[in-house]
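Colleague: query-v3.txt is reproduced below (compact mmCIF, C-alpha atoms and all ligand atoms).
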```txt
# COMPACT_ATOMS: atom_id res chain seq x y z
CA MET S 1 43.86 -14.98 0.53
CA GLU S 2 45.78 -12.49 -1.55
CA ARG S 3 44.99 -8.89 -0.79
CA ARG S 4 43.31 -7.93 -4.04
CA LYS S 5 41.07 -10.98 -3.97
CA PHE S 6 40.18 -10.29 -0.36
CA ILE S 7 39.20 -6.70 -1.08
CA LYS S 8 37.08 -7.81 -4.00
CA SER S 9 35.21 -10.49 -2.09
CA ALA S 10 34.79 -8.28 1.00
CA GLY S 11 33.36 -5.59 -1.25
CA MET S 12 30.97 -8.03 -2.83
CA MET S 13 29.86 -9.27 0.56
CA ALA S 14 29.21 -5.74 1.75
CA ALA S 15 27.23 -5.07 -1.41
CA ALA S 16 25.18 -8.24 -0.90
CA VAL S 17 24.39 -7.33 2.70
CA TYR S 18 23.45 -3.82 1.70
CA ALA S 19 21.32 -4.94 -1.25
CA ALA S 20 19.19 -7.40 0.68
CA PRO S 21 16.33 -7.01 1.26
CA ARG S 22 16.37 -3.69 -0.55
CA LEU S 23 16.41 -3.16 -4.28
CA ALA S 24 18.65 -0.93 -6.28
CA GLY S 25 17.56 2.24 -8.05
CA ASN S 26 14.17 2.15 -9.67
CA ASP S 27 13.87 -1.61 -9.95
CA GLN S 28 10.48 -2.70 -8.79
CA VAL S 29 9.27 -6.18 -8.15
CA SER S 30 5.64 -6.97 -8.55
CA ILE S 31 4.14 -8.55 -5.49
CA LYS S 32 0.83 -10.23 -5.98
CA THR S 33 -0.94 -8.25 -3.32
CA SER S 34 -4.33 -8.99 -4.55
CA GLY S 35 -3.11 -12.20 -2.88
CA ILE S 36 -6.33 -11.87 -0.89
CA GLU S 37 -7.18 -15.21 -2.50
CA GLY S 38 -4.53 -16.77 -0.29
CA PRO S 39 -3.61 -16.77 3.42
CA PRO S 40 -1.22 -14.19 4.93
CA ALA S 41 2.44 -14.48 3.91
CA LYS S 42 4.59 -16.73 6.11
CA GLU S 43 7.34 -14.11 6.10
CA PHE S 44 7.22 -10.33 6.14
CA PRO S 45 7.04 -9.40 2.44
CA PRO S 46 9.78 -7.20 0.94
CA LEU S 47 9.18 -3.61 -0.10
CA PRO S 48 8.88 -3.68 -3.90
CA PHE S 49 11.28 -0.73 -4.35
CA ALA S 50 14.24 0.99 -2.68
CA TYR S 51 13.57 3.39 0.20
CA ASP S 52 14.60 6.38 -1.89
CA ALA S 53 12.81 5.28 -5.09
CA LEU S 54 9.88 7.66 -4.59
CA GLU S 55 11.93 10.77 -3.77
CA PRO S 56 11.12 13.63 -3.71
CA TYR S 57 7.42 12.83 -3.29
CA ILE S 58 7.99 10.39 -0.44
CA ASP S 59 11.37 10.74 1.26
CA ALA S 60 13.62 7.78 2.01
CA ARG S 61 13.54 8.23 5.79
CA THR S 62 9.74 8.19 5.90
CA MET S 63 9.69 5.17 3.61
CA GLU S 64 12.16 3.28 5.79
CA ILE S 65 10.30 3.95 9.04
CA HIS S 66 6.92 3.33 7.44
CA TYR S 67 7.94 -0.03 5.98
CA ASP S 68 10.44 -1.34 8.48
CA LYS S 69 8.78 -0.13 11.70
CA HIS S 70 5.07 0.48 11.11
CA HIS S 71 4.29 -2.15 8.49
CA ARG S 72 6.54 -4.73 10.13
CA ALA S 73 4.82 -4.15 13.49
CA TYR S 74 1.39 -4.73 11.93
CA TYR S 75 2.65 -7.94 10.35
CA THR S 76 4.25 -9.22 13.55
CA ASN S 77 1.22 -8.34 15.68
CA PHE S 78 -1.10 -9.92 13.13
CA MET S 79 0.97 -13.14 13.16
CA ASN S 80 0.83 -13.17 16.96
CA ALA S 81 -2.91 -12.56 16.95
CA ILE S 82 -3.60 -15.54 14.66
CA LYS S 83 -0.92 -17.83 16.09
CA ASP S 84 -2.06 -21.44 16.53
CA SER S 85 -5.41 -20.66 14.92
CA ALA S 86 -7.07 -21.73 11.66
CA LEU S 87 -6.89 -18.08 10.53
CA GLN S 88 -3.27 -18.68 9.54
CA GLU S 89 -4.49 -20.69 6.57
CA MET S 90 -7.60 -18.67 5.79
CA PRO S 91 -7.59 -16.56 2.60
CA LEU S 92 -7.49 -12.87 3.59
CA LYS S 93 -10.58 -12.28 1.46
CA ASP S 94 -12.59 -14.65 3.68
CA LEU S 95 -11.06 -13.30 6.88
CA PHE S 96 -11.97 -9.70 5.94
CA ALA S 97 -15.45 -10.71 4.74
CA ALA S 98 -16.21 -11.88 8.29
CA ILE S 99 -13.92 -9.56 10.24
CA SER S 100 -16.79 -8.47 12.52
CA LYS S 101 -16.45 -11.87 14.23
CA GLN S 102 -12.78 -11.25 15.08
CA PRO S 103 -11.17 -9.35 17.96
CA ASP S 104 -9.78 -5.86 17.37
CA ALA S 105 -6.20 -7.20 17.28
CA VAL S 106 -7.00 -9.23 14.15
CA ARG S 107 -9.01 -6.46 12.49
CA ASN S 108 -6.46 -3.70 13.15
CA ASN S 109 -3.27 -5.67 12.52
CA GLY S 110 -4.65 -7.78 9.67
CA GLY S 111 -5.87 -4.58 8.03
CA GLY S 112 -2.55 -2.86 8.70
CA TYR S 113 -0.64 -5.77 7.18
CA TYR S 114 -2.75 -5.97 4.03
CA ASN S 115 -3.41 -2.26 3.44
CA HIS S 116 0.31 -1.44 3.45
CA LEU S 117 1.14 -4.29 1.06
CA PHE S 118 -1.58 -3.02 -1.22
CA PHE S 119 -0.34 0.57 -0.83
CA TRP S 120 3.31 -0.19 -1.70
CA ASN S 121 2.15 -1.86 -4.87
CA SER S 122 -0.03 1.15 -5.70
CA LEU S 123 3.15 3.24 -5.95
CA LYS S 124 5.88 3.49 -8.57
CA ALA S 125 8.80 5.83 -9.21
CA LYS S 126 7.73 6.53 -12.77
CA SER S 127 4.00 6.92 -12.96
CA SER S 128 2.27 5.97 -16.21
CA ALA S 129 -1.43 6.32 -17.06
CA PRO S 130 -4.75 4.55 -16.69
CA SER S 131 -5.62 2.10 -19.48
CA ALA S 132 -8.21 3.03 -22.11
CA GLU S 133 -10.81 0.86 -20.34
CA LEU S 134 -10.13 2.38 -16.95
CA SER S 135 -10.05 5.91 -18.38
CA ASP S 136 -13.46 5.35 -19.95
CA ALA S 137 -14.84 4.05 -16.67
CA ILE S 138 -13.36 7.02 -14.78
CA VAL S 139 -14.99 9.50 -17.16
CA LYS S 140 -18.28 7.62 -16.98
CA SER S 141 -18.27 7.55 -13.16
CA PHE S 142 -16.80 10.96 -12.31
CA GLY S 143 -17.26 13.13 -15.43
CA SER S 144 -13.54 13.64 -16.14
CA PHE S 145 -10.11 12.61 -14.94
CA ASP S 146 -9.72 15.93 -13.10
CA LYS S 147 -13.06 15.44 -11.33
CA PHE S 148 -11.96 11.93 -10.35
CA LYS S 149 -8.72 13.29 -8.86
CA GLU S 150 -10.60 16.04 -7.08
CA THR S 151 -13.03 13.54 -5.55
CA PHE S 152 -10.20 11.25 -4.43
CA ASN S 153 -8.22 14.21 -3.04
CA THR S 154 -11.21 15.46 -1.07
CA SER S 155 -11.72 12.00 0.35
CA ALA S 156 -8.05 11.77 1.38
CA LYS S 157 -7.82 15.30 2.74
CA THR S 158 -11.03 15.17 4.74
CA ARG S 159 -10.67 11.76 6.39
CA PHE S 160 -10.71 12.80 10.04
CA GLY S 161 -7.81 11.35 12.02
CA SER S 162 -6.08 8.26 10.68
CA GLY S 163 -7.19 6.19 7.73
CA TRP S 164 -7.07 5.48 4.02
CA ALA S 165 -8.56 6.86 0.80
CA TRP S 166 -9.68 4.29 -1.77
CA LEU S 167 -10.68 3.93 -5.38
CA TYR S 168 -12.62 0.69 -5.53
CA LEU S 169 -15.07 -1.26 -7.62
CA ASN S 170 -18.30 -1.37 -5.66
CA GLU S 171 -20.68 -4.29 -5.45
CA ALA S 172 -22.59 -3.01 -8.50
CA LYS S 173 -19.22 -3.09 -10.37
CA ASN S 174 -19.02 0.69 -10.64
CA LEU S 175 -15.99 2.78 -9.73
CA ALA S 176 -16.35 4.49 -6.38
CA ILE S 177 -14.24 6.61 -4.04
CA GLY S 178 -14.33 6.72 -0.28
CA SER S 179 -12.23 6.55 2.84
CA SER S 180 -11.93 4.17 5.77
CA PRO S 181 -10.88 4.84 9.36
CA ASN S 182 -7.87 3.28 11.10
CA GLN S 183 -6.84 0.07 9.27
CA ASP S 184 -10.23 -0.83 7.85
CA ASN S 185 -10.62 -1.47 4.10
CA PRO S 186 -13.43 -2.03 1.56
CA LEU S 187 -13.03 -5.83 1.83
CA MET S 188 -14.23 -5.81 5.43
CA ASP S 189 -17.83 -6.59 6.30
CA ILE S 190 -17.85 -3.76 8.88
CA SER S 191 -16.76 -1.17 6.30
CA THR S 192 -19.16 1.58 5.19
CA ILE S 193 -17.52 1.39 1.73
CA LYS S 194 -17.53 -2.11 0.25
CA GLY S 195 -15.98 -3.61 -2.85
CA THR S 196 -12.70 -4.50 -4.53
CA PRO S 197 -9.84 -2.05 -3.84
CA LEU S 198 -8.07 -0.65 -6.92
CA LEU S 199 -5.94 2.19 -5.53
CA THR S 200 -5.23 3.50 -2.06
CA LEU S 201 -3.48 6.28 -0.20
CA ASP S 202 -2.35 6.03 3.40
CA VAL S 203 -3.32 9.26 5.16
CA TRP S 204 -2.06 8.36 8.62
CA GLU S 205 0.31 11.08 9.84
CA HIS S 206 3.19 8.56 9.95
CA ALA S 207 2.93 8.37 6.14
CA TYR S 208 3.86 12.01 5.57
CA TYR S 209 4.64 13.94 8.76
CA LEU S 210 8.48 13.99 8.52
CA LYS S 211 8.40 15.72 5.15
CA TYR S 212 5.02 17.45 5.00
CA GLN S 213 4.27 18.03 8.71
CA ASN S 214 0.68 19.26 9.02
CA LYS S 215 0.29 19.76 5.24
CA ARG S 216 -1.54 16.59 4.36
CA ALA S 217 -2.96 18.29 1.26
CA ASP S 218 0.55 18.68 -0.25
CA TYR S 219 1.25 14.99 0.33
CA VAL S 220 -2.04 14.05 -1.31
CA ASP S 221 -1.25 16.24 -4.34
CA ALA S 222 2.27 14.74 -4.62
CA PHE S 223 0.81 11.22 -4.63
CA TRP S 224 -0.36 11.58 -8.26
CA ASN S 225 3.29 11.64 -9.41
CA ILE S 226 3.89 8.12 -8.11
CA VAL S 227 0.71 6.16 -8.85
CA ASN S 228 1.47 2.71 -10.24
CA TRP S 229 -1.17 2.77 -12.98
CA GLU S 230 0.01 -0.51 -14.52
CA GLU S 231 -0.95 -2.20 -11.26
CA VAL S 232 -4.24 -0.29 -10.96
CA ASN S 233 -5.09 -1.25 -14.57
CA ARG S 234 -4.34 -4.88 -13.78
CA ARG S 235 -6.48 -4.83 -10.65
CA TYR S 236 -9.35 -3.21 -12.55
CA LYS S 237 -9.23 -5.87 -15.26
CA GLU S 238 -9.08 -8.64 -12.68
CA ALA S 239 -11.98 -7.19 -10.66
CA GLN S 240 -14.36 -7.01 -13.64
MN MN3 S 301 0.85 3.50 7.26
```
How would this structure read if it were set down as structure tokens?
Modeller:
Amino acid sequence: MERRKFIKSAGMMAAAVYAAPRLAGNDQVSIKTSGIEGPPAKEFPPLPFAYDALEPYIDARTMEIHYDKHHRAYYTNFMNAIKDSALQEMPLKDLFAAISKQPDAVRNNGGGYYNHLFFWNSLKAKSSAPSAELSDAIVKSFGSFDKFKETFNTSAKTRFGSGWAWLYLNEAKNLAIGSSPNQDNPLMDISTIKGTPLLTLDVWEHAYYLKYQNKRADYVDAFWNIVNWEEVNRRYKEAQ
């Protein structure tokens, strides 16, 4: 191969290796995470954005460890826990609705797998705004958008230990805010908050400690700069 051609193709190969499975810049793929209608993915799903896409609010190093170590471990452990069982083909919605019948390994790792998928798709580099319908519902349920944020922030900041804050549509089809411990979520029958998740924030220390250390409140405040409202609007419409 002539030298110039070689350099070009070697460069392209390096670029291809580097690009997969990551994405460039602010490109974001939409992953149908409300894929609770279906069984768990056969392969570990890609992160819908580049590791550094959410800088400075979530730093690239945290994002890489969170996705490639923590989330991947939940996925792998979940797959091992349901290996050779009918749960492999069971829609996540049905699995979570009867999670009390499952061992802790399925509850914790299944929750960890799904919650992170849902979380990644709740985030976006360039945040937009809630739709008119969702805005109206927010004002109706919480009084104002600021009150809504305050309620969500309090829920996220005061969750003791590890867990998640959620905006969800409760069983009466009203917007509600609450938090869950560990890897539980509002779809689970054992959860004290029940309904359809619309937006979530991971408040485990691994989600923010490298950048924010003990200042969880700063991480929670920064979150509002990277909410993927298009996705939340879509979920709200679908959940109606
Ligand atoms: Mn996490």
Colleague: For Tyr67 of chain S, please output as a VMD selection string all residues within 9 Å (counting only C-alpha atoms; exclusion window: fewer than 6 positions along the same chain).
Modeller: chain S and resid 46 to 47 51 116 120
Colleague: Using only C-alpha atoms and all ligand atoms, determine which residues fall within 6 Å of ligand MN3 301 (chain S), then list them as a PyMOL selection string.
Modeller: chain S and resi 202+204+207
Colleague: Of the residues S:Ile226, S:Leu199, S:Gln240, S:Glu231, which is the one nearest to Glu171 of chain S, using only C-alpha atoms?
Modeller: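 With only C-alpha atoms as the atom set, the closest residue is S:Gln240.
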Colleague: Separation of atom CA of Ala98 of chain S and atom CA of Lys83 of chain S, in Å?
Modeller: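 About the pair atom CA of Ala98 of chain S and atom CA of Lys83 of chain S: they are 18.2 Å apart.
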Colleague: Within 6 Å of (-4.4, 13.1, -2.1) (file coordinates; only C-alpha atoms), which protein or nucleic acid residues are there? I'd like them as a list in words.
Modeller: Asn153, Ala156, Val220 and Asp221 of chain S
Colleague: Hey, which of S:Tyr57, S:Tyr75, S:Phe142, S:Phe119 ends up closest to Leu198 of chain S? Count all atoms listed in the file.
Modeller: S:Phe119
Colleague: Calculate how many Å separate atom CA of Lys101 of chain S from atom CA of Asp189 of chain S, rounding to one decimal.
Modeller: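 Atom-to-atom, atom CA of Lys101 of chain S and atom CA of Asp189 of chain S are spaced 9.6 Å apart.
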Colleague: Figure out the distance between atom CA of Ser155 of chain S and atom CA of Ala132 of chain S, please, to one decimal in Å.
Modeller: 24.4 Å
Colleague: Pick the closest to Asn170 of chain S from S:Ile82, S:Leu210, S:Val227, S:Ala239: which is it, counting all atoms listed in the file?
Modeller: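 The answer is S:Ala239, which sits nearest to Asn170 of chain S.
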Colleague: Which residue out of S:Phe118, S:Tyr74, S:Phe223, S:Phe145 has the minimum interatomic distance to Ala105 of chain S when all atoms listed in the file are used?
Modeller: S:Tyr74
